[in-house]
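**Q** What follows is my_file-v9.tsv; its format and atoms are TSV, C-alpha atoms and all ligand atoms.
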```
chain	number	residue	atom	x	y	z
W	1	MET	CA	-40.23	19.52	35.68
W	2	ASN	CA	-39.83	16.87	33.07
W	3	ILE	CA	-38.47	18.70	30.02
W	4	ILE	CA	-39.28	17.20	26.63
W	5	ILE	CA	-37.73	18.90	23.60
W	6	CYS	CA	-39.39	18.09	20.27
W	7	GLU	CA	-38.11	18.78	16.77
W	8	ASN	CA	-40.93	21.15	15.84
W	9	TYR	CA	-44.41	22.39	16.73
W	10	GLN	CA	-46.15	19.42	15.13
W	11	LYS	CA	-44.08	16.93	17.11
W	12	ALA	CA	-44.70	18.90	20.32
W	13	SER	CA	-48.45	18.82	19.62
W	14	GLN	CA	-48.30	15.08	18.96
W	15	LYS	CA	-46.30	14.44	22.13
W	16	SER	CA	-48.80	16.33	24.29
W	17	ALA	CA	-51.68	14.53	22.54
W	18	VAL	CA	-50.12	11.15	23.41
W	19	ILE	CA	-50.17	12.09	27.10
W	20	ILE	CA	-53.79	13.20	27.00
W	21	LYS	CA	-54.95	10.21	24.95
W	22	LYS	CA	-53.32	7.90	27.49
W	23	LEU	CA	-55.23	9.60	30.32
W	24	LEU	CA	-58.54	9.42	28.43
W	25	LYS	CA	-58.07	5.69	27.86
W	26	LEU	CA	-57.17	5.07	31.50
W	27	LYS	CA	-59.85	7.36	32.92
W	28	PRO	CA	-62.69	8.02	30.43
W	29	ASN	CA	-64.43	10.36	32.90
W	30	CYS	CA	-61.34	12.44	33.62
W	31	LYS	CA	-61.34	16.17	34.29
W	32	LEU	CA	-59.28	18.14	31.82
W	33	GLY	CA	-58.10	21.69	32.33
W	34	LEU	CA	-57.90	23.41	28.97
W	35	ALA	CA	-56.11	26.46	27.62
W	36	THR	CA	-56.55	28.87	24.76
W	37	GLY	CA	-53.99	30.80	22.71
W	38	SER	CA	-52.35	29.67	19.49
W	39	THR	CA	-50.12	27.07	21.18
W	40	PRO	CA	-52.65	24.30	21.99
W	41	ILE	CA	-54.37	24.42	18.57
W	42	GLY	CA	-52.10	21.66	17.19
W	43	LEU	CA	-52.84	19.51	20.25
W	44	TYR	CA	-56.59	20.02	19.77
W	45	GLN	CA	-56.28	18.98	16.12
W	46	GLU	CA	-54.53	15.78	17.19
W	47	LEU	CA	-57.29	15.07	19.73
W	48	ILE	CA	-60.00	15.69	17.13
W	49	ARG	CA	-58.28	13.21	14.80
W	50	ALA	CA	-58.08	10.62	17.57
W	51	SER	CA	-61.75	11.15	18.40
W	52	ASP	CA	-62.71	10.80	14.71
W	53	ASN	CA	-60.82	7.47	14.64
W	54	ASN	CA	-62.64	6.33	17.79
W	55	GLU	CA	-59.30	6.02	19.51
W	56	ILE	CA	-60.59	8.21	22.36
W	57	SER	CA	-63.97	9.49	23.50
W	58	PHE	CA	-64.89	12.73	25.23
W	59	LYS	CA	-68.38	11.43	26.07
W	60	ASP	CA	-67.74	11.38	29.83
W	61	VAL	CA	-64.92	13.93	30.00
W	62	GLN	CA	-65.38	17.18	31.91
W	63	THR	CA	-63.43	20.26	30.88
W	64	TYR	CA	-62.46	23.36	32.84
W	65	ASN	CA	-60.99	26.31	31.00
W	66	LEU	CA	-58.40	28.58	32.49
W	67	ASP	CA	-59.72	32.00	31.65
W	68	GLU	CA	-61.95	34.36	29.68
W	69	TYR	CA	-61.97	38.05	28.87
W	70	CYS	CA	-64.41	40.26	30.76
W	71	ASN	CA	-67.16	42.08	28.89
W	72	ILE	CA	-67.01	39.91	25.81
W	73	SER	CA	-69.99	38.03	24.40
W	74	ILE	CA	-69.70	34.31	23.72
W	75	ASP	CA	-70.38	34.84	20.03
W	76	ASN	CA	-67.48	37.29	19.73
W	77	GLU	CA	-64.85	35.42	17.73
W	78	GLN	CA	-62.18	36.56	20.21
W	79	SER	CA	-63.94	35.12	23.25
W	80	TYR	CA	-62.36	32.00	24.65
W	81	TYR	CA	-65.82	30.40	24.64
W	82	TYR	CA	-65.90	30.87	20.86
W	83	PHE	CA	-62.28	29.72	20.52
W	84	MET	CA	-62.85	26.47	22.41
W	85	HIS	CA	-65.96	25.58	20.41
W	86	LYS	CA	-64.33	26.47	17.10
W	87	ASN	CA	-61.07	24.64	17.80
W	88	LEU	CA	-62.28	21.62	19.78
W	89	PHE	CA	-65.80	21.21	21.11
W	90	HIS	CA	-67.63	21.49	17.78
W	91	HIS	CA	-65.50	18.65	16.40
W	92	ILE	CA	-65.80	16.07	19.17
W	93	TYR	CA	-68.73	14.42	20.91
W	94	ILE	CA	-68.84	16.12	24.31
W	95	ASN	CA	-71.77	16.87	26.56
W	96	GLU	CA	-72.06	20.67	26.69
W	97	ARG	CA	-73.03	20.32	30.36
W	98	ASN	CA	-69.53	18.96	30.98
W	99	VAL	CA	-67.89	22.02	29.45
W	100	HIS	CA	-66.92	24.72	31.95
W	101	ILE	CA	-65.60	28.07	30.82
W	102	PRO	CA	-65.40	30.92	33.32
W	103	PHE	CA	-67.34	34.10	32.66
W	104	ALA	CA	-67.68	37.35	34.53
W	105	ARG	CA	-70.84	39.39	34.16
W	106	ALA	CA	-70.48	43.13	34.56
W	107	GLY	CA	-71.50	43.98	38.12
W	108	TYR	CA	-71.36	40.33	39.27
W	109	GLU	CA	-67.64	39.72	38.93
W	110	LYS	CA	-67.12	38.73	42.57
W	111	GLU	CA	-69.99	36.24	42.55
W	112	ASP	CA	-68.89	34.76	39.23
W	113	CYS	CA	-65.31	34.29	40.49
W	114	MET	CA	-66.64	32.58	43.59
W	115	THR	CA	-68.88	30.29	41.56
W	116	TYR	CA	-66.04	29.19	39.32
W	117	ASN	CA	-63.66	28.80	42.24
W	118	ASN	CA	-66.15	26.60	44.13
W	119	LEU	CA	-66.55	24.47	41.05
W	120	LEU	CA	-62.77	24.02	40.85
W	121	ASN	CA	-62.55	23.20	44.55
W	122	GLN	CA	-65.17	20.48	44.08
W	123	ASN	CA	-63.54	19.05	40.97
W	124	GLN	CA	-59.82	18.40	41.03
W	125	VAL	CA	-58.43	18.59	37.52
W	126	ASP	CA	-56.59	15.43	36.46
W	127	LEU	CA	-54.56	17.11	33.76
W	128	GLN	CA	-54.15	20.81	33.08
W	129	VAL	CA	-52.95	22.01	29.68
W	130	LEU	CA	-51.03	25.28	29.82
W	131	GLY	CA	-49.45	27.70	27.41
W	132	ILE	CA	-47.22	30.49	28.65
W	133	GLY	CA	-47.23	34.23	28.05
W	134	THR	CA	-43.98	35.91	27.02
W	135	ASN	CA	-43.98	37.55	30.48
W	136	GLY	CA	-44.30	34.16	32.19
W	137	HIS	CA	-48.04	34.33	32.80
W	138	ILE	CA	-50.05	31.13	33.10
W	139	GLY	CA	-53.78	31.41	32.52
W	140	PHE	CA	-53.98	35.17	32.96
W	141	ASN	CA	-51.91	35.26	36.15
W	142	GLU	CA	-49.70	38.20	35.36
W	143	PRO	CA	-46.30	38.95	36.95
W	144	ASN	CA	-46.48	39.63	40.71
W	145	THR	CA	-49.69	37.67	41.24
W	146	SER	CA	-49.59	35.87	44.59
W	147	PHE	CA	-48.88	32.15	44.37
W	148	GLU	CA	-51.84	31.77	46.77
W	149	GLN	CA	-54.26	33.49	44.38
W	150	GLU	CA	-57.53	31.72	43.54
W	151	THR	CA	-59.99	32.59	40.73
W	152	PHE	CA	-60.07	36.37	40.30
W	153	ILE	CA	-60.48	39.32	37.97
W	154	VAL	CA	-57.16	40.48	36.59
W	155	ASP	CA	-56.10	43.75	34.99
W	156	LEU	CA	-54.23	42.55	31.94
W	157	ASP	CA	-50.59	43.50	31.59
W	158	LEU	CA	-49.68	45.86	28.76
W	159	GLN	CA	-47.33	43.14	27.42
W	160	THR	CA	-50.19	40.61	27.32
W	161	ARG	CA	-52.45	43.09	25.53
W	162	LEU	CA	-49.66	43.87	23.05
W	163	ASP	CA	-49.13	40.12	22.46
W	164	ASN	CA	-52.85	39.61	21.87
W	165	GLN	CA	-53.54	42.67	19.74
W	166	ARG	CA	-52.81	40.56	16.65
W	167	PHE	CA	-56.17	38.86	17.26
W	168	PHE	CA	-58.11	42.09	17.84
W	169	GLY	CA	-56.62	44.35	15.17
W	170	SER	CA	-55.67	47.15	17.55
W	171	LEU	CA	-54.48	47.56	21.12
W	172	GLU	CA	-57.58	49.60	22.06
W	173	ALA	CA	-59.80	46.67	21.07
W	174	VAL	CA	-58.05	44.22	23.42
W	175	PRO	CA	-60.04	43.87	26.67
W	176	THR	CA	-58.35	45.26	29.77
W	177	LYS	CA	-59.71	42.70	32.22
W	178	ALA	CA	-60.19	38.95	32.39
W	179	ILE	CA	-61.40	36.27	34.78
W	180	THR	CA	-58.81	33.57	35.39
W	181	MET	CA	-58.12	30.52	37.51
W	182	GLY	CA	-55.57	31.61	40.09
W	183	ILE	CA	-52.14	30.06	40.45
W	184	LYS	CA	-53.36	28.06	43.44
W	185	ASN	CA	-56.14	26.51	41.33
W	186	ILE	CA	-53.67	25.64	38.56
W	187	MET	CA	-51.23	24.08	41.04
W	188	ASN	CA	-54.05	21.89	42.37
W	189	ALA	CA	-54.12	19.85	39.15
W	190	LYS	CA	-52.71	16.35	39.48
W	191	HIS	CA	-50.67	16.64	36.30
W	192	ILE	CA	-49.72	19.71	34.24
W	193	VAL	CA	-48.61	19.78	30.62
W	194	LEU	CA	-47.13	23.12	29.57
W	195	ILE	CA	-46.51	23.54	25.85
W	196	ALA	CA	-44.38	26.26	24.29
W	197	SER	CA	-43.33	26.78	20.71
W	198	GLY	CA	-41.39	29.27	18.63
W	199	VAL	CA	-38.40	31.60	19.05
W	200	ASN	CA	-40.58	34.29	20.60
W	201	LYS	CA	-40.90	31.99	23.67
W	202	ALA	CA	-37.18	31.08	23.86
W	203	LYS	CA	-36.25	33.73	26.48
W	204	THR	CA	-39.36	32.91	28.50
W	205	ILE	CA	-38.50	29.20	28.52
W	206	LYS	CA	-34.91	29.95	29.47
W	207	ARG	CA	-36.11	31.98	32.45
W	208	LEU	CA	-38.57	29.25	33.41
W	209	VAL	CA	-36.00	26.46	33.29
W	210	GLU	CA	-32.91	28.29	34.55
W	211	GLY	CA	-34.33	31.10	36.67
W	212	SER	CA	-35.44	31.14	40.28
W	213	ILE	CA	-38.95	30.74	41.70
W	214	SER	CA	-40.49	34.16	42.08
W	215	GLU	CA	-43.92	35.79	41.88
W	216	GLU	CA	-42.39	38.14	39.29
W	217	PHE	CA	-42.44	35.20	36.93
W	218	PRO	CA	-45.67	33.27	37.63
W	219	ALA	CA	-44.83	30.06	35.72
W	220	SER	CA	-41.77	29.55	37.95
W	221	ILE	CA	-44.03	28.06	40.66
W	222	LEU	CA	-44.49	25.01	38.43
W	223	LYS	CA	-41.01	23.91	39.47
W	224	ILE	CA	-42.37	22.79	42.83
W	225	HIS	CA	-45.33	20.88	41.35
W	226	PRO	CA	-44.63	17.13	41.52
W	227	ASN	CA	-45.89	16.27	38.03
W	228	VAL	CA	-45.19	18.76	35.23
W	229	ASP	CA	-44.27	17.95	31.65
W	230	LEU	CA	-42.73	20.89	29.82
W	231	ILE	CA	-43.12	20.14	26.13
W	232	ILE	CA	-41.23	22.56	23.93
W	233	ASP	CA	-40.10	22.66	20.35
W	234	ALA	CA	-36.49	23.24	19.28
W	235	ASP	CA	-37.13	26.96	18.69
W	236	ALA	CA	-38.53	27.51	22.19
W	237	ALA	CA	-35.58	25.50	23.58
W	238	SER	CA	-33.00	27.42	21.53
W	239	GLU	CA	-31.78	29.71	24.35
W	240	LEU	CA	-31.39	26.98	26.98
W	241	ASP	CA	-27.87	26.35	28.32
W	242	LYS	CA	-26.56	23.33	26.51
S	1	LIG	C1	-53.03	34.05	26.49
S	1	LIG	C2	-53.78	33.06	27.42
S	1	LIG	C3	-52.85	32.02	27.99
S	1	LIG	C4	-51.92	31.57	26.89
S	1	LIG	C5	-50.97	32.67	26.53
S	1	LIG	C6	-50.04	32.36	25.36
S	1	LIG	O1	-53.16	35.38	26.79
S	1	LIG	N1	-54.53	33.63	28.48
S	1	LIG	O2	-53.59	30.97	28.56
S	1	LIG	O3	-51.16	30.46	27.33
S	1	LIG	O4	-51.62	33.90	26.38
S	1	LIG	O5	-50.68	32.43	24.13
S	1	LIG	P1	-50.07	31.86	22.80
S	1	LIG	O6	-50.19	30.36	22.91
S	1	LIG	O7	-50.94	32.41	21.70
S	1	LIG	O8	-48.67	32.30	22.72
```
Could the structure of this file be written out as structure tokens, please?
Ligand code: GLP

**A**
Amino acid sequence: MNIIICENYQKASQKSAVIIKKLLKLKPNCKLGLATGSTPIGLYQELIRASDNNEISFKDVQTYNLDEYCNISIDNEQSYYYFMHKNLFHHIYINERNVHIPFARAGYEKEDCMTYNNLLNQNQVDLQVLGIGTNGHIGFNEPNTSFEQETFIVDLDLQTRLDNQRFFGSLEAVPTKAITMGIKNIMNAKHIVLIASGVNKAKTIKRLVEGSISEEFPASILKIHPNVDLIIDADAASELDK
């Protein structure tokens, strides 16, 4: 892993935007894996600015999102579909047909996982953006998920639901299940950019950088991927051994 420590969240967002802008210029029809959560919002703002300035174009870009809650409608403000449109897609020129966000219909979960997984197998992602959960999850691959796992329906960890209750108002309102790319799908990306910010991620980043590779800590598998940039701000880096 190539570790890049930035002064603050804004600098970390700018640094990750530089990497993505470079790819878009080199390969205008690239396939981008995108993430939700509060972390990539700064990156998306940088990309919107660059698109407004005609520095980059999303006209021929295809996007593949990591995950989505089950049993949530796309017009629910907490759905990842809503999030992606609000924070990125509504502000750039992108063909909606090129936007791929997983969904799982009640009663058709297996089929919907298979459909999304086939799509991923037919379209290798050039660059995958990742955040990280405090428990080391990537996408919604919770601790003890097999490293061989492909797209599936996950029972969300209590820790993940506690972390996300700030968006839903109460723990009861946080969905209990989600559809997510599996770790194997994520590892298939040619290049991965994981961003982390804030003191609440410091212990997680320490474990990622200094700990061993284990299914108990899903993000640890990234250490064997040949092309990972770990972009963290000073707060997220604050517990690392000097
Ligand atoms: C969420 C998402 C992840 C995200 C993580 C961290 O539950 N499924 O893709 O990386 O948790 O979120 P945040 O960036 O808000 O800390």

**Q** What does the list of residues within 10 Å of ligand LIG 1 (chain S) look like if you count all atoms listed in the file, written as an NGL selection string?

**A** :W and (34-41 or 65-69 or 80 or 129-142 or 156-157 or 159-164 or 166-167 or 178-180 or 194-198 or 200-201)

**Q** What would the file look like if the residues just selected were written as a PDB file, keeping the file's coordinate frame with C-alpha atoms?

**A**
```pdb
ATOM      1  CA  LEU W  34     -57.900  23.410  28.970  1.00  0.00           C
ATOM      2  CA  ALA W  35     -56.110  26.460  27.620  1.00  0.00           C
ATOM      3  CA  THR W  36     -56.550  28.870  24.760  1.00  0.00           C
ATOM      4  CA  GLY W  37     -53.990  30.800  22.710  1.00  0.00           C
ATOM      5  CA  SER W  38     -52.350  29.670  19.490  1.00  0.00           C
ATOM      6  CA  THR W  39     -50.120  27.070  21.180  1.00  0.00           C
ATOM      7  CA  PRO W  40     -52.650  24.300  21.990  1.00  0.00           C
ATOM      8  CA  ILE W  41     -54.370  24.420  18.570  1.00  0.00           C
ATOM      9  CA  ASN W  65     -60.990  26.310  31.000  1.00  0.00           C
ATOM     10  CA  LEU W  66     -58.400  28.580  32.490  1.00  0.00           C
ATOM     11  CA  ASP W  67     -59.720  32.000  31.650  1.00  0.00           C
ATOM     12  CA  GLU W  68     -61.950  34.360  29.680  1.00  0.00           C
ATOM     13  CA  TYR W  69     -61.970  38.050  28.870  1.00  0.00           C
ATOM     14  CA  TYR W  80     -62.360  32.000  24.650  1.00  0.00           C
ATOM     15  CA  VAL W 129     -52.950  22.010  29.680  1.00  0.00           C
ATOM     16  CA  LEU W 130     -51.030  25.280  29.820  1.00  0.00           C
ATOM     17  CA  GLY W 131     -49.450  27.700  27.410  1.00  0.00           C
ATOM     18  CA  ILE W 132     -47.220  30.490  28.650  1.00  0.00           C
ATOM     19  CA  GLY W 133     -47.230  34.230  28.050  1.00  0.00           C
ATOM     20  CA  THR W 134     -43.980  35.910  27.020  1.00  0.00           C
ATOM     21  CA  ASN W 135     -43.980  37.550  30.480  1.00  0.00           C
ATOM     22  CA  GLY W 136     -44.300  34.160  32.190  1.00  0.00           C
ATOM     23  CA  HIS W 137     -48.040  34.330  32.800  1.00  0.00           C
ATOM     24  CA  ILE W 138     -50.050  31.130  33.100  1.00  0.00           C
ATOM     25  CA  GLY W 139     -53.780  31.410  32.520  1.00  0.00           C
ATOM     26  CA  PHE W 140     -53.980  35.170  32.960  1.00  0.00           C
ATOM     27  CA  ASN W 141     -51.910  35.260  36.150  1.00  0.00           C
ATOM     28  CA  GLU W 142     -49.700  38.200  35.360  1.00  0.00           C
ATOM     29  CA  LEU W 156     -54.230  42.550  31.940  1.00  0.00           C
ATOM     30  CA  ASP W 157     -50.590  43.500  31.590  1.00  0.00           C
ATOM     31  CA  GLN W 159     -47.330  43.140  27.420  1.00  0.00           C
ATOM     32  CA  THR W 160     -50.190  40.610  27.320  1.00  0.00           C
ATOM     33  CA  ARG W 161     -52.450  43.090  25.530  1.00  0.00           C
ATOM     34  CA  LEU W 162     -49.660  43.870  23.050  1.00  0.00           C
ATOM     35  CA  ASP W 163     -49.130  40.120  22.460  1.00  0.00           C
ATOM     36  CA  ASN W 164     -52.850  39.610  21.870  1.00  0.00           C
ATOM     37  CA  ARG W 166     -52.810  40.560  16.650  1.00  0.00           C
ATOM     38  CA  PHE W 167     -56.170  38.860  17.260  1.00  0.00           C
ATOM     39  CA  ALA W 178     -60.190  38.950  32.390  1.00  0.00           C
ATOM     40  CA  ILE W 179     -61.400  36.270  34.780  1.00  0.00           C
ATOM     41  CA  THR W 180     -58.810  33.570  35.390  1.00  0.00           C
ATOM     42  CA  LEU W 194     -47.130  23.120  29.570  1.00  0.00           C
ATOM     43  CA  ILE W 195     -46.510  23.540  25.850  1.00  0.00           C
ATOM     44  CA  ALA W 196     -44.380  26.260  24.290  1.00  0.00           C
ATOM     45  CA  SER W 197     -43.330  26.780  20.710  1.00  0.00           C
ATOM     46  CA  GLY W 198     -41.390  29.270  18.630  1.00  0.00           C
ATOM     47  CA  ASN W 200     -40.580  34.290  20.600  1.00  0.00           C
ATOM     48  CA  LYS W 201     -40.900  31.990  23.670  1.00  0.00           C
TER      49      LYS W 201
END
```

**Q** For a quick check of understanding, using only C-alpha atoms, which of W:Lys190, W:Arg207, W:His90, W:Lys59 has the smallest distance to W:Ser220?

**A** W:Arg207

**Q** Just want the 12 Å neighbourhood of W:Gly211, counted on only C-alpha atoms, with same-chain residues fewer than 4 positions away dropped. Output as a PyMOL selection string.

**A** chain W and resi 136+203-207+215-223+240-241

**Q** Between W:Val61, W:Lys27, W:Asn185, W:Tyr44, single out the one closest to W:His85, counting only C-alpha atoms.

**A**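 Nearest to W:His85: W:Tyr44.
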
**Q** Ranking W:Val174, W:Ser79, W:Asn71, W:Pro143 by minimum distance to W:Tyr108 and counting all atoms listed in the file, which one comes first?

**A**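 For W:Tyr108, the nearest of the given residues is W:Asn71.
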
**Q** Env of W:Lys110: 12 Å cut, atoms = only C-alpha atoms, seq-sep filter 3 positions within chain, self excluded. Answer as a PDB file with C-alpha atoms, in the coordinates of the input.

**A**
```pdb
ATOM      1  CA  PHE W 103     -67.340  34.100  32.660  1.00  0.00           C
ATOM      2  CA  ALA W 104     -67.680  37.350  34.530  1.00  0.00           C
ATOM      3  CA  ARG W 105     -70.840  39.390  34.160  1.00  0.00           C
ATOM      4  CA  ALA W 106     -70.480  43.130  34.560  1.00  0.00           C
ATOM      5  CA  GLY W 107     -71.500  43.980  38.120  1.00  0.00           C
ATOM      6  CA  CYS W 113     -65.310  34.290  40.490  1.00  0.00           C
ATOM      7  CA  MET W 114     -66.640  32.580  43.590  1.00  0.00           C
ATOM      8  CA  THR W 115     -68.880  30.290  41.560  1.00  0.00           C
ATOM      9  CA  TYR W 116     -66.040  29.190  39.320  1.00  0.00           C
ATOM     10  CA  ASN W 117     -63.660  28.800  42.240  1.00  0.00           C
ATOM     11  CA  GLU W 150     -57.530  31.720  43.540  1.00  0.00           C
ATOM     12  CA  THR W 151     -59.990  32.590  40.730  1.00  0.00           C
ATOM     13  CA  PHE W 152     -60.070  36.370  40.300  1.00  0.00           C
ATOM     14  CA  ILE W 153     -60.480  39.320  37.970  1.00  0.00           C
ATOM     15  CA  VAL W 154     -57.160  40.480  36.590  1.00  0.00           C
ATOM     16  CA  ILE W 179     -61.400  36.270  34.780  1.00  0.00           C
TER      17      ILE W 179
END
```

**Q** Could you tell me how far atom CA of W:Ile232 lies from atom CA of W:Glu46, in Å and to one decimal?

**A**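 A separation of 16.4 Å between them.
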
**Q** Please return, as a PyMOL selection string, all polymer residues that have at least one atom within 8 Å of the point (-64.4, 19.3, 32.5); use only C-alpha atoms and the file's own coordinate frame.

**A** chain W and resi 30-33+61-65+98-100+125

**Q** Can you work out which one of W:Ala202, W:Leu208, W:Met187, W:Ile4 has the shortest atom-to-atom distance to W:Pro226, counting only C-alpha atoms?

**A**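 Using only C-alpha atoms, the shortest distance to W:Pro226 belongs to W:Met187.
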
**Q** Missing atoms in stretch 74-94 of chain W: can you complete it with N, CA and C atoms, as a PDB file, keeping the file's coordinate frame?

**A**
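Output file rebuild39.pdb is given in full below:
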```pdb
ATOM      1  N   ILE W  74     -70.206  35.629  24.112  1.00  0.00           N
ATOM      2  CA  ILE W  74     -69.700  34.310  23.720  1.00  0.00           C
ATOM      3  C   ILE W  74     -69.689  34.137  22.203  1.00  0.00           C
ATOM      4  N   ASP W  75     -70.449  34.973  21.491  1.00  0.00           N
ATOM      5  CA  ASP W  75     -70.380  34.840  20.030  1.00  0.00           C
ATOM      6  C   ASP W  75     -69.347  35.784  19.393  1.00  0.00           C
ATOM      7  N   ASN W  76     -68.614  36.508  20.226  1.00  0.00           N
ATOM      8  CA  ASN W  76     -67.480  37.290  19.730  1.00  0.00           C
ATOM      9  C   ASN W  76     -66.362  36.300  19.381  1.00  0.00           C
ATOM     10  N   GLU W  77     -65.854  36.384  18.175  1.00  0.00           N
ATOM     11  CA  GLU W  77     -64.850  35.420  17.730  1.00  0.00           C
ATOM     12  C   GLU W  77     -63.588  35.417  18.600  1.00  0.00           C
ATOM     13  N   GLN W  78     -63.370  36.497  19.358  1.00  0.00           N
ATOM     14  CA  GLN W  78     -62.180  36.560  20.210  1.00  0.00           C
ATOM     15  C   GLN W  78     -62.431  36.032  21.616  1.00  0.00           C
ATOM     16  N   SER W  79     -63.692  35.665  21.902  1.00  0.00           N
ATOM     17  CA  SER W  79     -63.940  35.120  23.250  1.00  0.00           C
ATOM     18  C   SER W  79     -63.344  33.723  23.309  1.00  0.00           C
ATOM     19  N   TYR W  80     -62.950  33.329  24.505  1.00  0.00           N
ATOM     20  CA  TYR W  80     -62.360  32.000  24.650  1.00  0.00           C
ATOM     21  C   TYR W  80     -63.451  30.923  24.542  1.00  0.00           C
ATOM     22  N   TYR W  81     -64.694  31.307  24.850  1.00  0.00           N
ATOM     23  CA  TYR W  81     -65.820  30.400  24.640  1.00  0.00           C
ATOM     24  C   TYR W  81     -65.888  30.040  23.158  1.00  0.00           C
ATOM     25  N   TYR W  82     -65.834  31.067  22.317  1.00  0.00           N
ATOM     26  CA  TYR W  82     -65.900  30.870  20.860  1.00  0.00           C
ATOM     27  C   TYR W  82     -64.699  30.039  20.398  1.00  0.00           C
ATOM     28  N   PHE W  83     -63.533  30.408  20.889  1.00  0.00           N
ATOM     29  CA  PHE W  83     -62.280  29.720  20.520  1.00  0.00           C
ATOM     30  C   PHE W  83     -62.383  28.221  20.807  1.00  0.00           C
ATOM     31  N   MET W  84     -62.829  27.888  22.011  1.00  0.00           N
ATOM     32  CA  MET W  84     -62.850  26.470  22.410  1.00  0.00           C
ATOM     33  C   MET W  84     -63.841  25.680  21.560  1.00  0.00           C
ATOM     34  N   HIS W  85     -64.981  26.284  21.229  1.00  0.00           N
ATOM     35  CA  HIS W  85     -65.960  25.580  20.410  1.00  0.00           C
ATOM     36  C   HIS W  85     -65.452  25.425  18.980  1.00  0.00           C
ATOM     37  N   LYS W  86     -64.837  26.501  18.471  1.00  0.00           N
ATOM     38  CA  LYS W  86     -64.330  26.470  17.100  1.00  0.00           C
ATOM     39  C   LYS W  86     -63.167  25.468  16.951  1.00  0.00           C
ATOM     40  N   ASN W  87     -62.286  25.441  17.943  1.00  0.00           N
ATOM     41  CA  ASN W  87     -61.070  24.640  17.800  1.00  0.00           C
ATOM     42  C   ASN W  87     -61.146  23.237  18.386  1.00  0.00           C
ATOM     43  N   LEU W  88     -62.177  22.972  19.203  1.00  0.00           N
ATOM     44  CA  LEU W  88     -62.280  21.620  19.780  1.00  0.00           C
ATOM     45  C   LEU W  88     -63.719  21.118  19.920  1.00  0.00           C
ATOM     46  N   PHE W  89     -64.527  21.808  20.703  1.00  0.00           N
ATOM     47  CA  PHE W  89     -65.800  21.210  21.110  1.00  0.00           C
ATOM     48  C   PHE W  89     -66.752  20.918  19.951  1.00  0.00           C
ATOM     49  N   HIS W  90     -66.736  21.738  18.910  1.00  0.00           N
ATOM     50  CA  HIS W  90     -67.630  21.490  17.780  1.00  0.00           C
ATOM     51  C   HIS W  90     -67.219  20.251  16.976  1.00  0.00           C
ATOM     52  N   HIS W  91     -66.020  19.752  17.225  1.00  0.00           N
ATOM     53  CA  HIS W  91     -65.500  18.650  16.400  1.00  0.00           C
ATOM     54  C   HIS W  91     -65.442  17.323  17.135  1.00  0.00           C
ATOM     55  N   ILE W  92     -65.849  17.315  18.404  1.00  0.00           N
ATOM     56  CA  ILE W  92     -65.800  16.070  19.170  1.00  0.00           C
ATOM     57  C   ILE W  92     -67.192  15.862  19.761  1.00  0.00           C
ATOM     58  N   TYR W  93     -67.465  14.642  20.236  1.00  0.00           N
ATOM     59  CA  TYR W  93     -68.730  14.420  20.910  1.00  0.00           C
ATOM     60  C   TYR W  93     -68.503  14.667  22.395  1.00  0.00           C
ATOM     61  N   ILE W  94     -68.970  15.809  22.881  1.00  0.00           N
ATOM     62  CA  ILE W  94     -68.840  16.120  24.310  1.00  0.00           C
ATOM     63  C   ILE W  94     -70.158  16.692  24.789  1.00  0.00           C
TER      64      ILE W  94
END
```
